[in-house]
Amino acid sequence: MEIYARQGDLVIDRLTTPIEGDFVMKRDLVFAGDSSGNRHRLLGEVSVSTSNTGRTTRFRVQAATELIHEKADGHHTTPMVPGDYEIRILRERGDGADRAVED
Amino acid sequence: MLENLTSEQEQIVEAVTEEYIADITKPTPPDIEVIQKWLDVVYGLYDLKRPQRIEVVGSPYAALKLAADLTGVKRNDTDYCGVADGYWIAQFETYLRLGILKPEEEHDFITLRDFARVAWDTVLLDECAIIIRRPVDFRVDDAGNPHCATGPCLVWADGQHEYAWHGTWVDERVIKNPRGYSREEYLAISNTEQRRALSEAAGWSWVAEILGAKSVDKWTDPKTSLNYDLFRCEDGVQLLSKQSPPLKDGSQPRYLEPVHEQLRTAQAARKWQATSMSPEECEADPELIYGSEA
């Protein structure tokens with residue numbers, strides 16, 4: 001199995017089939033890191049699927065951009081080429097069930 | 001417009017950067033004249049006059065309490081106006097020293113810059129301007145992250161204090177008595193950065209000991225050389241110890257994250273974390289290649 005990239009606790013999966021359904025435009029999308037303040041941010045405007053649930057976010061990148069980590073000495077930047085993606089947070093086990101890794 | 005910087009101009013950029021980073025931890029006392037000048041500007045932006053009442057308090061906690069007492073409304077946030085603006089104030093400081101700041105921007109910028117050097121933040125109300133003093137003690141590690149391994153890394157003027165481990169805000173116990181955590185308390189920590197901070201403060205060998213965990217499988221990624229170690233406790237709880245890809249400062253911290261009880265190998269546990277596949281599916285085909293890992 002090949003996956004496009006990982007940045008810390010985020011798995012960045014480039015989808016081979018187009019996302020179906022409705023989209024909403026969003027700018028500077030933020031992923032995880034809420035409790036530490038060290039957030040991952042997708043720069044610029046992307047089309048985000050309205051059917052996202054749980055620990056995954058599906059979106060369409062129209063123009064090349066970057067996923068950055070806001071911590072100054074944190075993760076290196078991940079380049080994002082145009083395409084459809086799913087970003088999900090790594091999972092771990094807790095209280096007998098799966099949960100997203102929290103940071 | 002400047003397209004390229006001369007070596008002298010680059011030196012200005014470096015100097016401003018160093019100056020502003022060094023300033024963050026300075027316990028500069030409040031200067032009421034400088035504060036009043038900024039309040040004139042910021043209230044003026046809303047066509048208001050600076051209120052008669054100005055209260056200088058010792059911490060954000062005191063500021064939020066006073067604001068709630070005065071308004072009857074609980075607040076959770078300060079204005080984030082002051083030291084937290086240092087990153088862009090430094091940018092404009094650079095423009096000022098390079099001589100490219102617009103004349104009409106200079107007055108308000110300089111007023112804010114000077115304010116941020118003598119105060120931490122504000123909570124501005126119509127009838128009262130609450131000014132938060134800078135901390136009296138603020139310690140950071142070599143990378144500039146809030147950190148102190150022996151006590152508070154940040155002490156406010158009213159005695160309130162904060163603890164941090166290399167940039168991760170932690171409970172006082174993590175610094176003062178990290179090995180006082182029980183096994184149950186350790187496993188109840190759901191935040192991976194908090195878990196890492198405690199593990200580093202207490203020592204990874206202590207973590208293995210307190211958990212009663214033994215390594216059952218190791219794996220090193222041939223592409224990245226990142227290593228993974230699957231630990232199993234007597235009660236079946238399993239944790240994957242994993243090495244981070246190199247961060248911007250070159251460090252590679254370790255993380256310890258609970259994984260499914262039915263996993264048998266470290267490589268499969270790595271794949272289980274990244275997918276929605278079952279433990280059995282991951283064990284049957286544990287290969288997972290990332291285009292890049294950061």
# chains A, B, ... in the order shown; residues from 1 in each chain; ligands from 1
>>> closest_atom_pairs(of="chain A", to="chain B", cutoff="9 Å", atoms="only C-alpha atoms", output="JSON lines")
{"residue": "A:Met1", "atom": "CA", "partner": "B:Leu288", "partner_atom": "CA", "distance": 4.9}
{"residue": "A:Glu2", "atom": "CA", "partner": "B:Ile289", "partner_atom": "CA", "distance": 4.7}
{"residue": "A:Ile3", "atom": "CA", "partner": "B:Tyr290", "partner_atom": "CA", "distance": 4.8}
{"residue": "A:Tyr4", "atom": "CA", "partner": "B:Gly291", "partner_atom": "CA", "distance": 4.8}
{"residue": "A:Ala5", "atom": "CA", "partner": "B:Ser292", "partner_atom": "CA", "distance": 4.7}
{"residue": "A:Arg6", "atom": "CA", "partner": "B:Glu293", "partner_atom": "CA", "distance": 4.8}
{"residue": "A:Gln7", "atom": "CA", "partner": "B:Ala294", "partner_atom": "CA", "distance": 4.8}
{"residue": "A:Gly8", "atom": "CA", "partner": "B:Ala294", "partner_atom": "CA", "distance": 6.3}
{"residue": "A:Asp9", "atom": "CA", "partner": "B:Ala274", "partner_atom": "CA", "distance": 8.9}
{"residue": "A:Leu10", "atom": "CA", "partner": "B:Ala274", "partner_atom": "CA", "distance": 8.4}
{"residue": "A:Val11", "atom": "CA", "partner": "B:Ala274", "partner_atom": "CA", "distance": 6.3}
{"residue": "A:Ser35", "atom": "CA", "partner": "B:Asn191", "partner_atom": "CA", "distance": 8.4}
{"residue": "A:Ser36", "atom": "CA", "partner": "B:Thr168", "partner_atom": "CA", "distance": 6.7}
{"residue": "A:Ala72", "atom": "CA", "partner": "B:Lys248", "partner_atom": "CA", "distance": 7.8}
{"residue": "A:Asp73", "atom": "CA", "partner": "B:Lys248", "partner_atom": "CA", "distance": 4.9}
{"residue": "A:Gly74", "atom": "CA", "partner": "B:Leu247", "partner_atom": "CA", "distance": 5.3}
{"residue": "A:His75", "atom": "CA", "partner": "B:Leu247", "partner_atom": "CA", "distance": 4.9}
{"residue": "A:His76", "atom": "CA", "partner": "B:Ala294", "partner_atom": "CA", "distance": 5.4}
{"residue": "A:Thr77", "atom": "CA", "partner": "B:Ala294", "partner_atom": "CA", "distance": 7.4}
{"residue": "A:Thr78", "atom": "CA", "partner": "B:Ala294", "partner_atom": "CA", "distance": 7.4}
{"residue": "A:Arg88", "atom": "CA", "partner": "B:Ala274", "partner_atom": "CA", "distance": 8.0}
{"residue": "A:Ile89", "atom": "CA", "partner": "B:Ala274", "partner_atom": "CA", "distance": 7.6}
{"residue": "A:Leu90", "atom": "CA", "partner": "B:Gln273", "partner_atom": "CA", "distance": 5.1}
{"residue": "A:Arg91", "atom": "CA", "partner": "B:Gln273", "partner_atom": "CA", "distance": 4.8}
{"residue": "A:Glu92", "atom": "CA", "partner": "B:Val259", "partner_atom": "CA", "distance": 5.1}
{"residue": "A:Arg93", "atom": "CA", "partner": "B:Val259", "partner_atom": "CA", "distance": 4.8}
{"residue": "A:Gly94", "atom": "CA", "partner": "B:Pro258", "partner_atom": "CA", "distance": 6.9}
{"residue": "A:Asp95", "atom": "CA", "partner": "B:Ala188", "partner_atom": "CA", "distance": 8.7}
{"residue": "A:Gly96", "atom": "CA", "partner": "B:His260", "partner_atom": "CA", "distance": 8.8}
{"residue": "A:Ala97", "atom": "CA", "partner": "B:His260", "partner_atom": "CA", "distance": 8.6}
{"residue": "A:Asp98", "atom": "CA", "partner": "B:His260", "partner_atom": "CA", "distance": 8.0}
{"residue": "A:Val101", "atom": "CA", "partner": "B:Thr192", "partner_atom": "CA", "distance": 6.6}
{"residue": "A:Glu102", "atom": "CA", "partner": "B:Asn191", "partner_atom": "CA", "distance": 4.8}
{"residue": "A:Asp103", "atom": "CA", "partner": "B:Asn191", "partner_atom": "CA", "distance": 5.2}
>>> write_last_selection(atoms="N, CA and C atoms", output="tab-separated table (two decimals), in the first residue's frame")
chain	number	residue	atom	x	y	z
A	1	MET	N	0.84	-1.20	0.00
A	1	MET	CA	0.00	0.00	0.00
A	1	MET	C	0.87	1.25	0.00
A	2	GLU	N	0.50	2.21	-0.83
A	2	GLU	CA	1.23	3.47	-0.87
A	2	GLU	C	0.30	4.61	-0.50
A	3	ILE	N	0.79	5.49	0.34
A	3	ILE	CA	0.03	6.66	0.77
A	3	ILE	C	0.86	7.90	0.47
A	4	TYR	N	0.20	8.96	0.05
A	4	TYR	CA	0.88	10.16	-0.45
A	4	TYR	C	1.90	10.72	0.56
A	5	ALA	N	1.46	10.90	1.80
A	5	ALA	CA	2.39	11.50	2.76
A	5	ALA	C	1.87	11.35	4.18
A	6	ARG	N	2.78	11.57	5.13
A	6	ARG	CA	2.40	11.70	6.54
A	6	ARG	C	3.08	12.94	7.08
A	7	GLN	N	2.35	13.70	7.86
A	7	GLN	CA	2.95	14.84	8.55
A	7	GLN	C	2.55	14.73	10.02
A	8	GLY	N	3.46	14.27	10.86
A	8	GLY	CA	3.13	14.05	12.27
A	8	GLY	C	2.00	13.05	12.39
A	9	ASP	N	0.93	13.46	13.02
A	9	ASP	CA	-0.21	12.56	13.24
A	9	ASP	C	-1.19	12.55	12.08
A	10	LEU	N	-0.89	13.27	11.02
A	10	LEU	CA	-1.82	13.34	9.88
A	10	LEU	C	-1.38	12.41	8.75
A	11	VAL	N	-2.31	11.62	8.26
A	11	VAL	CA	-2.09	10.79	7.08
A	11	VAL	C	-2.73	11.51	5.91
A	35	SER	N	-5.13	21.30	20.99
A	35	SER	CA	-4.82	21.42	22.42
A	35	SER	C	-3.43	21.99	22.65
A	36	SER	N	-2.52	21.72	21.74
A	36	SER	CA	-1.16	22.22	21.91
A	36	SER	C	-0.96	23.57	21.24
A	72	ALA	N	7.27	26.32	15.21
A	72	ALA	CA	8.47	26.82	14.52
A	72	ALA	C	9.49	25.72	14.27
A	73	ASP	N	9.68	24.82	15.24
A	73	ASP	CA	10.66	23.75	15.05
A	73	ASP	C	9.94	22.40	14.86
A	74	GLY	N	8.73	22.46	14.30
A	74	GLY	CA	7.93	21.25	14.14
A	74	GLY	C	8.18	20.51	12.84
A	75	HIS	N	7.13	19.93	12.29
A	75	HIS	CA	7.27	19.09	11.10
A	75	HIS	C	7.57	19.92	9.85
A	76	HIS	N	8.30	19.33	8.94
A	76	HIS	CA	8.58	19.99	7.66
A	76	HIS	C	7.30	20.11	6.84
A	77	THR	N	7.33	21.04	5.90
A	77	THR	CA	6.17	21.31	5.05
A	77	THR	C	5.96	20.18	4.04
A	78	THR	N	4.69	19.87	3.79
A	78	THR	CA	4.35	18.86	2.79
A	78	THR	C	3.75	19.54	1.56
A	88	ARG	N	-6.59	12.16	7.33
A	88	ARG	CA	-7.14	11.55	8.55
A	88	ARG	C	-6.06	11.54	9.63
A	89	ILE	N	-6.52	11.55	10.84
A	89	ILE	CA	-5.59	11.54	11.97
A	89	ILE	C	-5.27	10.10	12.31
A	90	LEU	N	-4.00	9.83	12.62
A	90	LEU	CA	-3.63	8.48	13.05
A	90	LEU	C	-4.54	8.03	14.18
A	91	ARG	N	-4.76	6.75	14.26
A	91	ARG	CA	-5.62	6.27	15.35
A	91	ARG	C	-4.78	5.57	16.42
A	92	GLU	N	-5.35	5.51	17.59
A	92	GLU	CA	-4.77	4.76	18.70
A	92	GLU	C	-5.90	4.09	19.45
A	93	ARG	N	-5.55	3.33	20.46
A	93	ARG	CA	-6.55	2.57	21.22
A	93	ARG	C	-6.76	3.27	22.57
A	94	GLY	N	-7.99	3.33	23.03
A	94	GLY	CA	-8.26	3.90	24.34
A	94	GLY	C	-9.63	3.51	24.82
A	95	ASP	N	-9.69	3.08	26.06
A	95	ASP	CA	-10.98	2.67	26.65
A	95	ASP	C	-11.69	1.61	25.81
A	96	GLY	N	-10.92	0.70	25.25
A	96	GLY	CA	-11.50	-0.42	24.51
A	96	GLY	C	-12.01	-0.08	23.13
A	97	ALA	N	-11.71	1.12	22.65
A	97	ALA	CA	-12.19	1.51	21.32
A	97	ALA	C	-11.08	2.29	20.60
A	98	ASP	N	-11.28	2.50	19.31
A	98	ASP	CA	-10.32	3.30	18.55
A	98	ASP	C	-10.65	4.78	18.73
A	101	VAL	N	-5.52	10.02	17.47
A	101	VAL	CA	-4.41	10.51	18.28
A	101	VAL	C	-4.63	12.00	18.51
A	102	GLU	N	-4.48	12.42	19.74
A	102	GLU	CA	-4.73	13.82	20.09
A	102	GLU	C	-3.41	14.50	20.41
A	103	ASP	N	-3.26	15.72	19.89
A	103	ASP	CA	-2.05	16.47	20.28
A	103	ASP	C	-2.36	17.94	20.48
>>> residues_around(residues="B:Leu70", least_positions_apart="6", cutoff="10 Å", atoms="only C-alpha atoms", output="ChimeraX atom specification")
/B:64,125,127-128
>>> residues_around(residues="A:Gly83", least_positions_apart="4", cutoff="10 Å", atoms="only C-alpha atoms", output="ChimeraX atom specification")
/A:14-19,59-64
>>> atom_distance(atom1="atom CA of B:Leu96", atom2="atom CA of B:Val140")
28.4 Å
>>> closest_residue(among="B:Lys214, B:Lys74, B:Lys26, B:Arg254", to="B:Val155", atoms="only C-alpha atoms")
B:Lys26
>>> residues_around(residues="B:Leu211", least_positions_apart="3", cutoff="12 Å", atoms="only C-alpha atoms", output="number ranges by chain")
B: 179, 181-187, 199, 204-208, 214-215, 231-239, 256, 258
>>> atom_distance(atom1="atom CA of B:Val83", atom2="atom CA of A:Ala32")
24.6 Å
>>> closest_residue(among="B:Thr150, B:Gln11, B:Gln36, B:Thr265", to="B:Leu112", atoms="only C-alpha atoms")
B:Gln36
>>> select_by_dssp(residues="stretch 145-259 of chain B", states="helix (DSSP H, G or I)", output="number ranges by chain")
B: 172-176, 178-180, 183-188, 192-202, 204-211
>>> select_by_dssp(residues="chain A", states="strand (DSSP E or B)", output="MDAnalysis selection string")
chainID A and resid 2:7 10:14 23:31 40:49 56:61 65:69 78:80 83:89 91:94 97:100 102
>>> residues_around(residues="A:Ser51", least_positions_apart="2", cutoff="8 Å", atoms="only C-alpha atoms", output="PyMOL selection string")
chain A and resi 21-22+49+53
>>> residues_around(residues="A:Ile68", least_positions_apart="2", cutoff="7 Å", atoms="only C-alpha atoms", output="PDB file with C-alpha atoms, in the first residue's frame")
ATOM      1  CA  HIS A  40      -1.341  21.804  10.762  1.00  0.00           C
ATOM      2  CA  ARG A  41      -2.650  24.283   8.200  1.00  0.00           C
ATOM      3  CA  LEU A  42      -3.404  23.778   4.510  1.00  0.00           C
ATOM      4  CA  GLU A  66       1.411  23.406   1.004  1.00  0.00           C
ATOM      5  CA  GLU A  70       2.722  25.994  12.699  1.00  0.00           C
ATOM      6  CA  THR A  77       6.175  21.311   5.052  1.00  0.00           C
ATOM      7  CA  THR A  78       4.351  18.856   2.795  1.00  0.00           C
TER       8      THR A  78
END
>>> closest_residue(among="B:Ile12, B:Ile131, B:Leu39, B:Leu5", to="B:Pro60", atoms="only C-alpha atoms")
B:Ile131
